[in-house]
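**Student:** Input: one structure, supplied below.
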Amino acid sequence: MGPTDPAEGEKLLIREEFEANLREAGLEMERDNEHKVHGQGFIRVHAPWQVLSREAEFLKIKVPTKKSYELKEDKGLSATMSSVWRKLNQPFQPSVPQMHQQNRTKFLSHSFSRDKLHLYNIESKDTFFDNATRSRIVYEILRRTACTRTCQTMGITTLIAKGVYDSAFPLHDGDFKDNGQPDGRNERQLLHDEWARYGAFYKYQPVDLIRKYFGEKIGLYFAWLGAYTQLLALASLVGIIVFLYGCFTIDTNVPSLEMCDEKQNFTMCPLCDRACDYWHLSTACGTARASHLFDNPATVFFAIFMSLWAVMFLEHWKRRQNSLNYSWNMTGMEEEEEHPRPKYETILLQKRQRKRRNRKKNKSETGDEKLTWRDRMPGYFINISSILLMFGVTFAAVFGVIVYRITISALLAMSPDPQIKSNVRVTVTATAVIINLVVILILDEIYGSVAAWLTELEIPKTETNFEERLILKAFLLKFMNAYAPIFYVAFFKGRFAGRPGDYVYIFNDYRMEECAPGGCLIELCIQLSIIMLGKQLIQNNVFEIAIPKLKKLFRSLKDKKMLPEENVEHTGRTLRQWHLDYNLEPFDGLTPEYMEMIIQFGFVSLFVASFPLAPLFALLNNIIEIRLDAKKFVTELRRPDAVRAKDIGIWYNILSGMGKFSVIINAFVISFTSDFIPRLVYQYMYSETGTMNGFIDHTLSYFNVSHFKEGTAPASSAVTMCRYKDYREPPWSAEPYQFSKQYWSVLAARLAFVILFQNLVMFMGLLVAWVIPDVPKNISEQLKREKTLLVDVFMNEEKEKLQLIQSLFSKEGAHHRQPHSHQSPLPQDTSETQLPLPHLAQTDDPVAAGGTIPLSARSRTRPRAASFSQFTRQASTSPHSEAGRHTAV
């Protein structure tokens with residue numbers, strides 16, 4: 001109030017012009033009553049019925065009509081099963097009044113039109129449009145209202161970016177705490193009690209109420225999260241069965257029994273140079289038994305099942321999405337034209353100003369009306385360079401952990417303590433995975449900020465373009481960050497270590513690490529489980545709970561320190577809803593929520609062959625995640641602007657791509673990481689008895705210790721031959737230490753399995769997608785029936801109009817045949833003064849809007865769809881009409 005800063009004075013002028021334009025658009029403004037020198041001033045924006053109806057027609061919002069029909073009831077066995085299922089599900093249903101109305105009547109929906117008010121089921125104009133629709137309408141007006149006189153910008157988002165306004169948000173429906181009256185709970189209280197409490201974890205989500213309160217986009221996110229969590233229950237059950245199979249068969253597994261048999265006396269080559277001594281394979285018995293829990297024949301079945309599960313989940317979601325589109329009246333929704341982003345407008349304005357200056361010097365030049373690829377070229381160059389740099393940082397972090405593992409293994413092996421020596425592998429693996437987890441969490445936060453910065457450099461025109469590009473960059477960076485250590489263990493660890501006498505070294509001193517005697521699959525399982533569980537627990541508890549609370553506390557302390565006078569004033573009176581909502585955290589979009597679940601979907605689908613319990617831990621996490629997100633949306637965030645959406649957008653494409661990629665990854669994990677293929681090859685090609693007896697001896701090659709390089713052999717001289725895991729010729733053969741025929745047989749079988757597995761699963765996935773239709777049969781039938789009924793409704797209306805016109809002409813013909821008669825029941829002049837034509841769309845009675853116009857008034861009008869012009873003319877000819885003042889444009 002009374003600014004002294006010139007910049008503040010300019011902002012005041014912009015606010016005055018913007019608010020005047022909002023009033024011209026029909027919105028009503030309400031300011032704070034008190035006079036403030038410091039602090040925020042709140043302006044409440046209200047939309048009367050005339051504005052709501054006008055914008056609903058422009059936005060083609062579908063609303064229920066008076067025409068209804070009865071849904072088909074199930075008969076026979078299906079009806080009985082449906083009844084039993086409803087009774088079983090009753091305890092899990094949220095206590096929401098709208099959901100308990102088992103109404104078999106369905107009202108037809110049609111795009112709103114002010115010319116057809118008599119067709120719609122308008123019981124009360126105050127409640128006809130729900131809160132999400134009203135919020136969307138008001139925000140649409142705020143976004144498109146321009147300030148051309150003062151700042152050459154359009155929309156509230158640009159003004160917020162320039163600091164003219166601090167924020168703009170719809171208000172919550174009062175407090176979320178229950179007032180003790182079950183019948184008097186508002187929608188926010190219903191959502192809190194039936195959805196956002198941890199005590200309601202066993203209940204279904206009230207998706208329709210979520211959509212009604214927050215809009216379709218947020219409703220679709222929680223519907224998708226619920227569908228994903230439901231199907232995780234099936235995957236968890238199968239994963240538990242596979243894990244139990246491994247537990248029950250561990251004592252009958254021949255390879256692990258052979259490794260644990262001390263009588264076999266396999267003397268293994270040392271694990272490091274000089275300091276490490278020869279060791280017996282039986283000391284790795286625990287690792288071999290644990291490896292069988294995750295590396296058994298059931299694992300192959302589970303990998304095939306999870307690949308089909310991913311396809312089934314996507315098909316199930318498409319059906320669920322189409323069902324929601326139908327019930328939310330989103331079928332046939334057209335894409336809305338989006339307004340440019342503030343930064344795009346600013347850079348475009350600067351370009352026009354440069355063109356205008358150049359045009360004065362060179363009149364032949366013409367200005368561009370949009371940004372071209374030349375304007376974005378610096379941003380594209382920085383994007384590519386930065387993404388490559390981030391990939392390099394990720395690989396450097398993975399390589400740093402590899403160096404840590406190698407050096408710590410060598411140092412611990414030199415320890416004189418035998419207890420430390422025996423636990424080298426466990427210690428190194430556990431500490432390395434924890435370091436990996438910490439690095440992943442830190443880089444995740446950095447990559448999120450980097451992706452947003454890089455997307456800004458591209459100068460996307462609309463919010464949708466910005467969001468899609470941000471999602472792609474963030475997903476690419478976070479995917480590489482989360483899975484790079486797992487990819488290394490699965491496909492690269494131990495592949496380039498070399499052999500005794502010819503090891504591969506880094507920094508000339510340290511040998512490349514090898515897999516455990518039981519294979520790399522157990523290490524992959526440890527890596528995957530710790531990263532997955534740690535990422536979920538830390539992100540949920542620290543990033544999603546603790547950090548927002550700390551931000552809120554910091555902001556409240558900062559406000560108290562900066563504005564002590566205003567806080568003293570507020571303590572003496574009750575804060576209004578807009579003050580309470582302003583103190584909440586602003587809504588930053590759904591990208592972080594989706595991203596967390598997409599990365600989890602990768603853990604569940606990509607490497608699930610190594611960790612069958614991954615779906616179970618994902619299920620437990622998501623049960624908490626749903627309530628955590630719900631509590632955040634209901635109690636901790638400002639109410640988001642309602643956004644219409646037909647689907648989850650680019651996230652579906654990412655899910656589909658990951659589902660296809662998981663087939664390839666699981667095929668390679670089973671073929672090259674596990675011992676499944678070598679066991680099959682041995683049993684059916686090299687075993688004399690057709691059993692697994694002798695498998696361990698078959699997989700171990702011989703090495704003559706005299707062939708060690710000088711200075712690398714251990715001090716012991718009693719051993720002449722040691723064994724190592726590989727398929728190589730023995731030292732007494734014609735080609736010592738070369739790959740044997742068994743190696744090439746196993747390699748060929750591995751490649752054949754990859755091709756067979758991939759094609760089999762892809763074919764079965766296509767079969768599943770073909771069998772499951774995208775649109776449920778009952779919904780497709782209802783859509784056809786509604787289309788037919790709507791055609792009948794409008795045909796009947798046209799017939800009534802035609803009958804009115806015919807009766808009109810017949811009466812006018814009779815009137816002309818009696819020119820001297822003074823008994824005309826409906827004089828022409830009287831009809832004009834009784835009811836002007838513009839009153840057709842202005843009347844408050846929906847029935848009167850379409851049926852009480854005198855016939856002579858109808859006869860002199862020619863058919864037209866310009867319901868908008870009727871408002872304009874009404875506004876100009878009826879100066880005393882308050883409604884006309886709001887609807888004039």
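FYI, nothing fancy with the structure tokens labels: chains A, B, ... in order, residues from 1 per chain, ligands from 1 as they appear.
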At a cut-off of 12 Å, using only C-alpha atoms, what residues contact Lys741 in chain A? Leave out same-chain residues fewer than 2 positions from it and give the result as a PyMOL selection string.

**Tutor:** chain A and resi 681+685-686+726-729+735+738-739+743-748

**Student:** When you look at Tyr165 in chain A with a cut-off of 10 Å (counting only C-alpha atoms), what residues show up, excluding the ones that are within fewer than 2 positions of it in the same chain? I need them as a list in words.

**Tutor:**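 Here the qualifying residues turn out to be Lys11, Leu12, Ile14, Arg15, Gln40, Gly41, Phe42, Ile156, Thr157, Thr158, Leu159, Ile160, Ala161, Lys162, Gly163, Ser167 and Ala168 of chain A.
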
**Student:** Could you please take those selected residues and save all heavy atoms as a tab-separated table (two decimals), in the first residue's frame?

**Tutor:**
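Everything below was put into out-v8.tsv:
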```tsv
chain	number	residue	atom	x	y	z
A	11	LYS	N	4.25	-2.74	-10.65
A	11	LYS	CA	3.47	-3.94	-10.35
A	11	LYS	C	2.05	-3.59	-9.94
A	11	LYS	O	1.10	-4.29	-10.29
A	11	LYS	CB	4.15	-4.74	-9.24
A	11	LYS	CG	5.47	-5.38	-9.66
A	11	LYS	CD	6.10	-6.14	-8.50
A	11	LYS	CE	7.44	-6.74	-8.90
A	11	LYS	NZ	8.08	-7.44	-7.76
A	12	LEU	N	1.90	-2.48	-9.22
A	12	LEU	CA	0.56	-2.06	-8.81
A	12	LEU	C	-0.30	-1.72	-10.03
A	12	LEU	O	-1.47	-2.09	-10.11
A	12	LEU	CB	0.67	-0.86	-7.87
A	12	LEU	CG	-0.66	-0.27	-7.37
A	12	LEU	CD1	-1.42	-1.31	-6.56
A	12	LEU	CD2	-0.41	0.97	-6.53
A	14	ILE	N	0.10	-2.93	-13.05
A	14	ILE	CA	-0.20	-4.19	-13.74
A	14	ILE	C	-1.35	-4.90	-13.04
A	14	ILE	O	-2.27	-5.42	-13.68
A	14	ILE	CB	1.05	-5.08	-13.78
A	14	ILE	CG1	2.15	-4.42	-14.63
A	14	ILE	CG2	0.71	-6.45	-14.37
A	14	ILE	CD1	3.48	-5.16	-14.59
A	15	ARG	N	-1.33	-4.93	-11.70
A	15	ARG	CA	-2.40	-5.59	-10.95
A	15	ARG	C	-3.74	-4.91	-11.21
A	15	ARG	O	-4.76	-5.59	-11.39
A	15	ARG	CB	-2.08	-5.59	-9.45
A	15	ARG	CG	-1.07	-6.63	-9.04
A	15	ARG	CD	-1.07	-6.84	-7.54
A	15	ARG	NE	-0.53	-5.67	-6.84
A	15	ARG	CZ	0.74	-5.52	-6.51
A	15	ARG	NH1	1.61	-6.46	-6.81
A	15	ARG	NH2	1.15	-4.46	-5.86
A	40	GLN	N	1.08	-9.96	3.07
A	40	GLN	CA	0.33	-10.32	1.86
A	40	GLN	C	-1.10	-9.80	1.93
A	40	GLN	O	-1.72	-9.79	3.00
A	40	GLN	CB	0.30	-11.85	1.68
A	40	GLN	CG	1.64	-12.47	1.38
A	40	GLN	CD	2.40	-12.82	2.64
A	40	GLN	OE1	1.86	-12.71	3.72
A	40	GLN	NE2	3.65	-13.23	2.48
A	41	GLY	N	-1.58	-9.40	0.78
A	41	GLY	CA	-2.99	-9.06	0.63
A	41	GLY	C	-3.65	-10.10	-0.26
A	41	GLY	O	-3.12	-10.43	-1.32
A	42	PHE	N	-4.79	-10.61	0.18
A	42	PHE	CA	-5.45	-11.69	-0.55
A	42	PHE	C	-6.63	-11.14	-1.35
A	42	PHE	O	-7.38	-10.29	-0.85
A	42	PHE	CB	-5.96	-12.76	0.43
A	42	PHE	CG	-4.85	-13.53	1.09
A	42	PHE	CD1	-4.28	-13.08	2.27
A	42	PHE	CD2	-4.36	-14.70	0.53
A	42	PHE	CE1	-3.26	-13.77	2.87
A	42	PHE	CE2	-3.34	-15.40	1.14
A	42	PHE	CZ	-2.78	-14.93	2.31
A	156	ILE	N	-1.98	-15.45	-15.59
A	156	ILE	CA	-1.54	-15.35	-14.20
A	156	ILE	C	-0.18	-15.99	-13.99
A	156	ILE	O	0.61	-15.54	-13.14
A	156	ILE	CB	-2.60	-16.00	-13.27
A	156	ILE	CG1	-2.28	-15.75	-11.81
A	156	ILE	CG2	-2.71	-17.49	-13.55
A	156	ILE	CD1	-2.39	-14.32	-11.38
A	157	THR	N	0.16	-17.04	-14.77
A	157	THR	CA	1.45	-17.69	-14.59
A	157	THR	C	2.61	-16.74	-14.91
A	157	THR	O	3.63	-16.74	-14.21
A	157	THR	CB	1.55	-18.94	-15.47
A	157	THR	OG1	1.24	-18.57	-16.83
A	157	THR	CG2	0.57	-20.01	-15.02
A	158	THR	N	2.44	-15.92	-15.96
A	158	THR	CA	3.48	-14.95	-16.29
A	158	THR	C	3.59	-13.89	-15.21
A	158	THR	O	4.71	-13.48	-14.84
A	158	THR	CB	3.15	-14.29	-17.64
A	158	THR	OG1	2.95	-15.29	-18.62
A	158	THR	CG2	4.29	-13.39	-18.09
A	159	LEU	N	2.47	-13.45	-14.67
A	159	LEU	CA	2.51	-12.43	-13.63
A	159	LEU	C	3.14	-12.96	-12.35
A	159	LEU	O	3.84	-12.24	-11.64
A	159	LEU	CB	1.08	-11.93	-13.35
A	159	LEU	CG	0.37	-11.24	-14.53
A	159	LEU	CD1	-1.00	-10.77	-14.13
A	159	LEU	CD2	1.20	-10.07	-15.05
A	160	ILE	N	2.89	-14.22	-12.04
A	160	ILE	CA	3.54	-14.82	-10.87
A	160	ILE	C	5.05	-14.94	-11.10
A	160	ILE	O	5.85	-14.68	-10.20
A	160	ILE	CB	2.92	-16.20	-10.57
A	160	ILE	CG1	1.47	-16.04	-10.08
A	160	ILE	CG2	3.74	-16.96	-9.53
A	160	ILE	CD1	0.75	-17.36	-9.89
A	161	ALA	N	5.44	-15.30	-12.33
A	161	ALA	CA	6.86	-15.40	-12.64
A	161	ALA	C	7.56	-14.04	-12.54
A	161	ALA	O	8.73	-13.96	-12.17
A	161	ALA	CB	7.05	-15.98	-14.05
A	162	LYS	N	6.83	-12.96	-12.84
A	162	LYS	CA	7.40	-11.61	-12.77
A	162	LYS	C	7.31	-11.01	-11.37
A	162	LYS	O	7.80	-9.90	-11.15
A	162	LYS	CB	6.68	-10.70	-13.75
A	162	LYS	CG	6.98	-11.02	-15.21
A	162	LYS	CD	6.40	-9.96	-16.13
A	162	LYS	CE	6.83	-10.20	-17.57
A	162	LYS	NZ	6.39	-9.14	-18.48
A	163	GLY	N	6.68	-11.71	-10.44
A	163	GLY	CA	6.58	-11.21	-9.09
A	163	GLY	C	5.43	-10.25	-8.86
A	163	GLY	O	5.35	-9.62	-7.79
A	167	SER	N	1.20	-15.96	-5.65
A	167	SER	CA	0.69	-17.29	-6.02
A	167	SER	C	-0.79	-17.18	-6.32
A	167	SER	O	-1.43	-16.16	-6.04
A	167	SER	CB	0.93	-18.31	-4.90
A	167	SER	OG	0.30	-17.89	-3.71
A	168	ALA	N	-1.33	-18.24	-6.92
A	168	ALA	CA	-2.76	-18.34	-7.20
A	168	ALA	C	-3.17	-19.79	-7.02
A	168	ALA	O	-2.56	-20.67	-7.62
A	168	ALA	CB	-3.07	-17.87	-8.63
```

**Student:** Do you have, as JSON lines, the list of residues of range 494-545 of chain A lying at most 9 Å from range 619-628 of chain A, each with its nearest atom pair and that distance in Å to one decimal, counting only C-alpha atoms and ordered by chain then number?

**Tutor:**
```
{"residue": "A:Leu533", "atom": "CA", "partner": "A:Asn621", "partner_atom": "CA", "distance": 8.8}
{"residue": "A:Gln536", "atom": "CA", "partner": "A:Asn621", "partner_atom": "CA", "distance": 7.2}
{"residue": "A:Leu537", "atom": "CA", "partner": "A:Asn621", "partner_atom": "CA", "distance": 8.1}
{"residue": "A:Asn540", "atom": "CA", "partner": "A:Glu625", "partner_atom": "CA", "distance": 7.6}
{"residue": "A:Glu544", "atom": "CA", "partner": "A:Leu628", "partner_atom": "CA", "distance": 8.4}
{"residue": "A:Ile545", "atom": "CA", "partner": "A:Leu628", "partner_atom": "CA", "distance": 8.4}
```

**Student:** Output the selection as a JSON list (two decimals), in the first residue's frame - C-alpha atoms for each residue.

**Tutor:**
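Contents of the output file part35.json:
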```
[["chain", "number", "residue", "atom", "x", "y", "z"],
["A", 533, "LEU", "CA", 14.71, -51.25, 0.03],
["A", 536, "GLN", "CA", 12.22, -46.68, -0.79],
["A", 537, "LEU", "CA", 12.70, -46.34, 2.96],
["A", 540, "ASN", "CA", 9.68, -42.14, 1.88],
["A", 544, "GLU", "CA", 8.77, -37.13, 1.59],
["A", 545, "ILE", "CA", 8.12, -36.72, 5.33]]
```

**Student:** Determine which residues of range 43-117 of chain A DSSP labels as helix (DSSP H, G or I) from the backbone of this structure, then write them out as a ChimeraX atom specification.

**Tutor:** /A:49-59,77-92,97-100,114-117

**Student:** Would you tabulate, counting only C-alpha atoms, all residues of range 121-206 of chain A that have an atom at most 6 Å from an atom of range 637-657 of chain A, showing the closest pair of atoms and their distance in Å to one decimal, sorted by chain then ascending number, as a tab-separated table?

**Tutor:**
```
residue	atom	partner	partner_atom	distance
A:Ala132	CA	A:Ala642	CA	5.3
A:Arg136	CA	A:Ala642	CA	5.2
A:Pro170	CA	A:Arg639	CA	5.9
A:His172	CA	A:Arg639	CA	6.0
```

**Student:** Could you check which of A:Asp581, A:Phe391, A:Arg723, A:Thr673 is closest to Leu171 in chain A, using only C-alpha atoms?

**Tutor:**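 The closest residue to Leu171 in chain A is A:Asp581.
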
**Student:** Using only C-alpha atoms, find each residue of range 494-526 of chain A with at least one atom at most 9 Å away from an atom of range 401-407 of chain A; report its shortest atom-to-atom pair and that distance in Å (one decimal), sort the rows by chain and rising residue number, and return the result as JSON lines.

**Tutor:**
```
{"residue": "A:Ile506", "atom": "CA", "partner": "A:Val403", "partner_atom": "CA", "distance": 8.6}
{"residue": "A:Tyr510", "atom": "CA", "partner": "A:Ile406", "partner_atom": "CA", "distance": 6.6}
{"residue": "A:Arg511", "atom": "CA", "partner": "A:Ile406", "partner_atom": "CA", "distance": 7.1}
{"residue": "A:Met512", "atom": "CA", "partner": "A:Ile406", "partner_atom": "CA", "distance": 6.9}
{"residue": "A:Glu513", "atom": "CA", "partner": "A:Ile406", "partner_atom": "CA", "distance": 6.2}
```

**Student:** If you count only C-alpha atoms, which residues fall within 12 Å of Phe313 in chain A, apart from same-chain ones fewer than 6 positions away, as a PDB file with N, CA and C atoms, in the first residue's frame?

**Tutor:**
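See out10.pdb below for the written result:
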```pdb
ATOM      1  N   TRP A 224      -4.135 -45.159 -11.136  1.00  0.00           N
ATOM      2  CA  TRP A 224      -3.032 -45.966 -11.683  1.00  0.00           C
ATOM      3  C   TRP A 224      -2.218 -46.604 -10.560  1.00  0.00           C
ATOM      4  N   LEU A 225      -1.926 -45.841  -9.520  1.00  0.00           N
ATOM      5  CA  LEU A 225      -1.156 -46.378  -8.400  1.00  0.00           C
ATOM      6  C   LEU A 225      -1.927 -47.500  -7.708  1.00  0.00           C
ATOM      7  N   GLY A 226      -3.246 -47.357  -7.593  1.00  0.00           N
ATOM      8  CA  GLY A 226      -4.052 -48.413  -6.994  1.00  0.00           C
ATOM      9  C   GLY A 226      -4.077 -49.671  -7.839  1.00  0.00           C
ATOM     10  N   ALA A 227      -4.214 -49.511  -9.176  1.00  0.00           N
ATOM     11  CA  ALA A 227      -4.211 -50.680 -10.067  1.00  0.00           C
ATOM     12  C   ALA A 227      -2.856 -51.387 -10.035  1.00  0.00           C
ATOM     13  N   TYR A 228      -1.787 -50.633 -10.025  1.00  0.00           N
ATOM     14  CA  TYR A 228      -0.440 -51.202  -9.959  1.00  0.00           C
ATOM     15  C   TYR A 228      -0.240 -51.976  -8.655  1.00  0.00           C
ATOM     16  N   THR A 229      -0.710 -51.402  -7.547  1.00  0.00           N
ATOM     17  CA  THR A 229      -0.558 -52.052  -6.250  1.00  0.00           C
ATOM     18  C   THR A 229      -1.392 -53.325  -6.170  1.00  0.00           C
ATOM     19  N   GLN A 230      -2.588 -53.293  -6.732  1.00  0.00           N
ATOM     20  CA  GLN A 230      -3.430 -54.497  -6.721  1.00  0.00           C
ATOM     21  C   GLN A 230      -2.765 -55.652  -7.461  1.00  0.00           C
ATOM     22  N   LEU A 231      -2.216 -55.372  -8.629  1.00  0.00           N
ATOM     23  CA  LEU A 231      -1.580 -56.445  -9.391  1.00  0.00           C
ATOM     24  C   LEU A 231      -0.260 -56.888  -8.770  1.00  0.00           C
ATOM     25  N   LEU A 232       0.376 -56.008  -7.980  1.00  0.00           N
ATOM     26  CA  LEU A 232       1.573 -56.432  -7.270  1.00  0.00           C
ATOM     27  C   LEU A 232       1.268 -57.545  -6.262  1.00  0.00           C
ATOM     28  N   ALA A 233       0.033 -57.585  -5.769  1.00  0.00           N
ATOM     29  CA  ALA A 233      -0.344 -58.639  -4.825  1.00  0.00           C
ATOM     30  C   ALA A 233      -0.222 -60.009  -5.483  1.00  0.00           C
ATOM     31  N   LEU A 234      -0.651 -60.119  -6.757  1.00  0.00           N
ATOM     32  CA  LEU A 234      -0.525 -61.387  -7.485  1.00  0.00           C
ATOM     33  C   LEU A 234       0.931 -61.750  -7.702  1.00  0.00           C
ATOM     34  N   ALA A 235       1.741 -60.758  -8.139  1.00  0.00           N
ATOM     35  CA  ALA A 235       3.163 -61.022  -8.364  1.00  0.00           C
ATOM     36  C   ALA A 235       3.859 -61.393  -7.057  1.00  0.00           C
ATOM     37  N   PHE A 305       6.809 -65.407 -16.036  1.00  0.00           N
ATOM     38  CA  PHE A 305       5.565 -64.907 -15.443  1.00  0.00           C
ATOM     39  C   PHE A 305       5.592 -63.392 -15.292  1.00  0.00           C
ATOM     40  N   MET A 306       6.695 -62.830 -14.795  1.00  0.00           N
ATOM     41  CA  MET A 306       6.756 -61.386 -14.564  1.00  0.00           C
ATOM     42  C   MET A 306       6.758 -60.607 -15.876  1.00  0.00           C
ATOM     43  N   SER A 307       7.332 -61.182 -16.930  1.00  0.00           N
ATOM     44  CA  SER A 307       7.268 -60.508 -18.230  1.00  0.00           C
ATOM     45  C   SER A 307       5.825 -60.446 -18.726  1.00  0.00           C
ATOM     46  N   ARG A 319      -7.847 -50.826 -19.706  1.00  0.00           N
ATOM     47  CA  ARG A 319      -9.267 -51.062 -19.453  1.00  0.00           C
ATOM     48  C   ARG A 319      -9.770 -50.180 -18.306  1.00  0.00           C
ATOM     49  N   ARG A 320      -8.989 -50.112 -17.261  1.00  0.00           N
ATOM     50  CA  ARG A 320      -9.381 -49.281 -16.124  1.00  0.00           C
ATOM     51  C   ARG A 320      -9.452 -47.814 -16.518  1.00  0.00           C
ATOM     52  N   GLN A 321      -8.512 -47.369 -17.309  1.00  0.00           N
ATOM     53  CA  GLN A 321      -8.483 -45.981 -17.760  1.00  0.00           C
ATOM     54  C   GLN A 321      -9.694 -45.657 -18.628  1.00  0.00           C
ATOM     55  N   PHE A 601       9.061 -49.869 -10.541  1.00  0.00           N
ATOM     56  CA  PHE A 601       8.602 -50.828 -11.551  1.00  0.00           C
ATOM     57  C   PHE A 601       9.788 -51.476 -12.261  1.00  0.00           C
ATOM     58  N   SER A 605      10.507 -55.481 -12.387  1.00  0.00           N
ATOM     59  CA  SER A 605      10.400 -56.189 -13.666  1.00  0.00           C
ATOM     60  C   SER A 605      11.751 -56.524 -14.304  1.00  0.00           C
ATOM     61  N   TYR A 652       2.872 -43.854 -19.703  1.00  0.00           N
ATOM     62  CA  TYR A 652       2.455 -45.156 -20.248  1.00  0.00           C
ATOM     63  C   TYR A 652       3.479 -45.660 -21.265  1.00  0.00           C
ATOM     64  N   LEU A 655       6.426 -47.003 -19.356  1.00  0.00           N
ATOM     65  CA  LEU A 655       6.108 -48.310 -18.781  1.00  0.00           C
ATOM     66  C   LEU A 655       6.133 -49.414 -19.837  1.00  0.00           C
ATOM     67  N   SER A 656       5.550 -49.121 -20.991  1.00  0.00           N
ATOM     68  CA  SER A 656       5.521 -50.104 -22.065  1.00  0.00           C
ATOM     69  C   SER A 656       6.938 -50.436 -22.532  1.00  0.00           C
ATOM     70  N   GLY A 659       8.617 -52.594 -19.954  1.00  0.00           N
ATOM     71  CA  GLY A 659       8.104 -53.964 -19.995  1.00  0.00           C
ATOM     72  C   GLY A 659       8.766 -54.789 -21.077  1.00  0.00           C
ATOM     73  N   GLY A 765       3.084 -62.342 -24.784  1.00  0.00           N
ATOM     74  CA  GLY A 765       2.626 -61.005 -24.425  1.00  0.00           C
ATOM     75  C   GLY A 765       1.656 -60.439 -25.438  1.00  0.00           C
ATOM     76  N   VAL A 768      -1.641 -62.160 -24.937  1.00  0.00           N
ATOM     77  CA  VAL A 768      -2.370 -61.607 -23.787  1.00  0.00           C
ATOM     78  C   VAL A 768      -3.005 -60.273 -24.150  1.00  0.00           C
ATOM     79  N   ALA A 769      -2.244 -59.414 -24.850  1.00  0.00           N
ATOM     80  CA  ALA A 769      -2.777 -58.112 -25.244  1.00  0.00           C
ATOM     81  C   ALA A 769      -3.940 -58.247 -26.215  1.00  0.00           C
ATOM     82  N   ILE A 772      -7.167 -59.642 -24.179  1.00  0.00           N
ATOM     83  CA  ILE A 772      -7.793 -58.668 -23.274  1.00  0.00           C
ATOM     84  C   ILE A 772      -8.136 -57.413 -24.071  1.00  0.00           C
ATOM     85  N   ASP A 774      -9.174 -53.544 -24.946  1.00  0.00           N
ATOM     86  CA  ASP A 774      -8.856 -52.287 -24.267  1.00  0.00           C
ATOM     87  C   ASP A 774     -10.078 -51.686 -23.580  1.00  0.00           C
TER      88      ASP A 774
END
```

**Student:** Tell me, as a ChimeraX atom specification, which residues lie within 12 Å of Lys709 in chain A, counting only C-alpha atoms; anything in the same chain fewer than 3 positions away does not count.

**Tutor:** /A:273-274,499-503,704-706,712-714

**Student:** Considering only C-alpha atoms, can you say which of A:Ser111, A:Glu585, A:Phe668, A:Glu8 comes closest to Leu550 in chain A?

**Tutor:** A:Glu585

**Student:** With a distance cut-off of 6 Å and only C-alpha atoms, select the neighbouring residues of Cys515 in chain A, excluding the residue or stretch itself and same-chain residues fewer than 3 positions from it, and output the selection as a VMD selection string.

**Tutor:** chain A and resid 494 519 to 520

**Student:** Quick one: distance from CA of Ile250 in chain A to CA of Ile486 in chain A in Å, one decimal?

**Tutor:**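 Distance reported for this atom pair: 25.7 Å.
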
**Student:** Please report, as a list in words, each residue of range 652-789 of chain A to which DSSP assigns strand (DSSP E or B) when run on this structure's backbone.

**Tutor:** Leu700, Ser701, Tyr702, Phe703, Asn704, Met721, Cys722, Arg723, Tyr724, Lys725, Arg728 and Phe739 of chain A

**Student:** Write the selection just made, keeping C-alpha atoms, as a PDB file, in the first residue's frame?

**Tutor:**
```pdb
ATOM      1  CA  LEU A 700      36.327 -76.147 -12.558  1.00  0.00           C
ATOM      2  CA  SER A 701      39.457 -75.956 -14.703  1.00  0.00           C
ATOM      3  CA  TYR A 702      43.031 -76.917 -13.689  1.00  0.00           C
ATOM      4  CA  PHE A 703      46.037 -74.598 -13.310  1.00  0.00           C
ATOM      5  CA  ASN A 704      49.655 -75.494 -12.756  1.00  0.00           C
ATOM      6  CA  MET A 721      47.576 -77.842  -9.034  1.00  0.00           C
ATOM      7  CA  CYS A 722      44.768 -75.448  -8.156  1.00  0.00           C
ATOM      8  CA  ARG A 723      41.263 -75.105  -9.583  1.00  0.00           C
ATOM      9  CA  TYR A 724      39.364 -72.063 -10.873  1.00  0.00           C
ATOM     10  CA  LYS A 725      35.848 -71.637 -12.272  1.00  0.00           C
ATOM     11  CA  ARG A 728      39.420 -73.987 -20.230  1.00  0.00           C
ATOM     12  CA  PHE A 739      38.606 -72.127 -24.100  1.00  0.00           C
TER      13      PHE A 739
END
```
